[in-house]
Structures are given as C-alpha cells and as structure tokens.
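*Asks:* One structure coming up, written as structure tokens, with questions to follow.
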Amino acid sequence: EINSEFVVALGDNFYNSGITKWNSKRRLQGTFDAVYHQASLMTPWYIIGGNHDHRGNIAAQIEHTTQKQQQKNYSPGENITTTNSHNRWQFPSLYHAHSFQAPADASSPALTVDLILIDTVDLCDLNSVQDEHQDGYFDPLPLVSKSFSSSSSSSTEEGGNQWDWIEHQLSTSTANYLLVGGHYPVYSVCLHGPTETLVTHLRPLLQKYNAHYLSGHDHCMVHYEEQNVNYMLTGMGDECCYDASNVNNTLNPPPKSKSLKWFISSEKQKLYQAQGGFTSFEATRDQMKVKYHDHRGNVIFEADPVEPRRRE
C-alpha cells in the first residue's frame with residue numbers, strides 16, 4: 001500500500017552482539033533475506049549500525065555492501081526481483097549520505113530529499129553493560145566532546161572527523177527536505193532516554209540547517225517538534241515497548257513547551273494493540289507526511305505536515 005522507494009534501517013540490525021566475519025553470510029540470509037522477503041521490500045535498504053552491531057564486527061556488515069558493489073549498484077525505486085541481500089543492502093561505510101530527486105515537469109520544479117546517515121556509536125560511545133537485564137544497561141551515556149571517536153569503530157573508518165563531515169553535508173544541501181538518521185535518539189521519553197552528546201552537538205546543527213532527525217534504539221515510538229525541527233524515534237522494529245521512564249528528563253524539552261506531540265510506550269501498548277511498528281514518509285513539493293504504523297501497517301499516529309526547507 002505504501003509503495004516505498006527505499007527503506008532506512010537505523011541500526012541494531014543483528015541481536016545481541018552483531019555478527020562476525022565468519023557467520024555473516026548465514027546471519028544475513030537467516031535474519032535479513034528470510035525475514036524481509038515480501039515484494040514490497042525489494043527496494044534498496046540504507047543501513048547504519050547500532051550499539052548491538054558494534055558489539056560484533058561492524059566491518060563485516062560494511063563488507064557485504066562492498067562485495068555487492070562489484071556487481072550492480074541499484075538505484076532507489078528500481079525493481080529488484082530477488083530476495084538476495086546483495087541486491088538491497090546499502091551500508092558502504094559507517095556514515096554515508098544519499099540524495100533522492102523527483103524530476104521537474106511542466107507545472108512543478110524538481111523535488112529533492114537528502115538523507116544523511118550518521119554513526120552515533122562513533123560519536124557517543126557504548127554502554128559497558130551489554131545485557132538489558134543487568135543493572136546499568138539503561139544508564140545514560142555521558143557527554144563527550146566533538147573530538148571523541150569510539151574505539152570500537154575507529155578501526156573501520158579511514159579517518160577524519162565525523163562532526164565535520166556532518167556539518168559539511170548539512171551546509172551544502174539544497175534539498176527541499178533534509179533528514180538525518182542515527183541510531184541513538186536526541187530526545188526520548190523511554191528507558192534509554194535522551195542522548196546528551198546529541199542534544200549538545202547535533203541539535204544546534206539541525207536547527208541551523210532546518211533538518212529533521214530519525215532514530216531508533218529505544219523500543220518505543222516518540223515524536224517531538226521543537227523550533228521547527230521534528231525528532232522522530234521509531235524503535236519498535238523488534239518489539240513494543242519499553243517503559244516511558246524519561247518523560248520528565250530535563251534533557252528533553254520541558255513539558256510546558258508542548259514539544260512532545262505523541263508517544264507509545266509499554267503503558268500505552270494495550271491502547272494501540274501494537275506488537276511492533278515502523279514509520280513512513282511521503283514527500284511532495286508542498287509538504288512531507290510522517291506516519292507511525294503498528295506491526296499490521298495500521299496508522300496509529302500522523303504528525304503535522306512538515307514544510308519544505310527555507311531556500312535561500
């Protein structure tokens with residue numbers, strides 16, 4: 001029904017500790033190909049890593065893309081008739097950017113959507129506790145400077161500062177809609193809560209360049225709108241839901257700001273009867289629609305339309 005042109009996967013692709021170089025083929029076939037085999041999902045998947053992926057060999061996930069690129073490079077919207085992940089898996093590096101365009105016609109100018117996918121584990125580090133049933137797993141990550149780079153990912157990156165790269169991508173974009181995707185949320189009401197490093201360093205960039213942010217990590221759904229920036233947390237691909245224990249976290253926008261537009265957590269699971277879910281985006285020259293769906297595809301919340309960026 002959605003007829004999507006592509007899929008964005010925001011990390012934690014393989015539980016609980018990513019993949020290894022030796023089991024990557026088996027895990028990709030069993031966890032990706034065998035699960036996402038429907039005809040509607042035979043489109044490119046643009047992928048980044050999450051904290052669980054970084055527990056394993058993140059380079060093995062990236063290598064799956066570089067091996068594929070020796071074959072054919074599929075473009076968004078192109079018909080892909082095989083379930084083999086080599087034809088869909090787009091994870092060329094820890095962080096990467098893509099631009100999608102609908103051409104101009106006699107009555108309308110071209111429409112462009114830029115997607116900037118970042119590695120928030122490299123920017124913010126990992127929690128030392130790996131088991132969510134152990135104390136400390138949901139402890140907040142501490143604030144780190146822009147000079148920080150996670151040791152778990154530095155071996156797979158060729159150098160350079162990701163923050164510099166992010167600002168370059170943002171500052172040079174002329175797209176109608178500019179989306180940034182990362183695993184960790186900027187804001188969240190659920191168990192993991194907001195990410196202080198992203199609140200401190202990424203939030204000002206999103207405001208400056210009129211961009212919007214997509215995230216996962218917390219197993220719930222949350223929609224914030226603050227100073228014309230939308231923060232869309234869609235973390236129910238695995239399950240619904242974590243508790244909303246961070247509603248009053250002071251790193252989140254204060255309740256009186258009314259920036260929190262909607263969320264689903266364990267407390268609301270019975271209300272929505274959702275076992276999981278995903279979010280869809282539909283961009284036109286006039287607006288972008290953002291819809292949150294349950295595991296059956298039913299729309300359980302639709303945000304206010306997102307206006308195109310201000311063009312200088």
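How things are named: the first chain in the structure tokens is A, the next is B, and so on; residues count from 1 in each chain; ligands count from 1 in the order shown.
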Pick out the residues sitting within 10 Å of Asn228 of chain A, and hand them over as a list in words; count only C-alpha atoms, and ignore anything fewer than 4 positions along from it in its own chain.
*Replies:* Leu206, Gln207, Asn210, Ala211, His212, Tyr224, Ser259, Val306, Glu307 and Arg309 of chain A
*Asks:* For each of A:Arg285, A:Asn252, A:Leu10, A:Leu28, take the minimum atom-to-atom distance to Asp105 of chain A, counting only C-alpha atoms, then give the residue where this is smallest.
*Replies:* A:Arg285
*Asks:* Given only C-alpha atoms as the basis, pick out the residue of A:Glu302, A:Ile48, A:Asp164, A:Leu178 nearest to Asp114 of chain A.
*Replies:* A:Leu178
*Asks:* Have a look at A:Leu202, A:Cys220, A:Leu251, A:Ala34 and name the one nearest to Met236 of chain A; count only C-alpha atoms.
*Replies:*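 That would be A:Cys220, the residue with the smallest distance to Met236 of chain A.
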*Asks:* List the neighbours of Asp286 of chain A out to 10 Å using only C-alpha atoms; skip same-chain residues closer than 3 positions along the sequence, and give me the result as a ChimeraX atom specification.
*Replies:* /A:111,176,283,305-308
*Asks:* Go through A:Thr279, A:Ser4, A:Gln273, A:Ser149 and flag the residue nearest Leu126 of chain A, using only C-alpha atoms for the distances.
*Replies:*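 Closest to Leu126 of chain A of all the choices is A:Ser149.
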*Asks:* Please provide the set of residues having any atom within 12 Å of segment 265-272 of chain A, restricted to only C-alpha atoms, with same-chain residues fewer than 3 positions apart removed, written as a ChimeraX atom specification.
*Replies:* /A:188-191,218-222,233-236,239-247,262,275-277,292-296,298-301
*Asks:* So which residues touch Ala97 of chain A within 6 Å, counting only C-alpha atoms, skipping near sequence neighbours fewer than 2 positions away, as a ChimeraX atom specification?
*Replies:* /A:115-117
*Asks:* Choose the residue, out of A:Gln101, A:Asn23, A:Thr200, A:Asn127, that has the smallest atom-to-atom separation from Lys146 of chain A; count only C-alpha atoms.
*Replies:*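 Using only C-alpha atoms, Lys146 of chain A sits closest to A:Thr200.
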*Asks:* Which one is closest to Trp45 of chain A: A:Phe278, A:Tyr177, A:Phe91, A:Phe14? Count only C-alpha atoms.
*Replies:*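 The shortest atom-to-atom distance to Trp45 of chain A comes from A:Phe91.
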*Asks:* Looking only at the backbone, which of the residues in segment 151-209 of chain A does DSSP tag as strand (DSSP E or B), as a PyMOL selection string?
*Replies:* chain A and resi 177-181
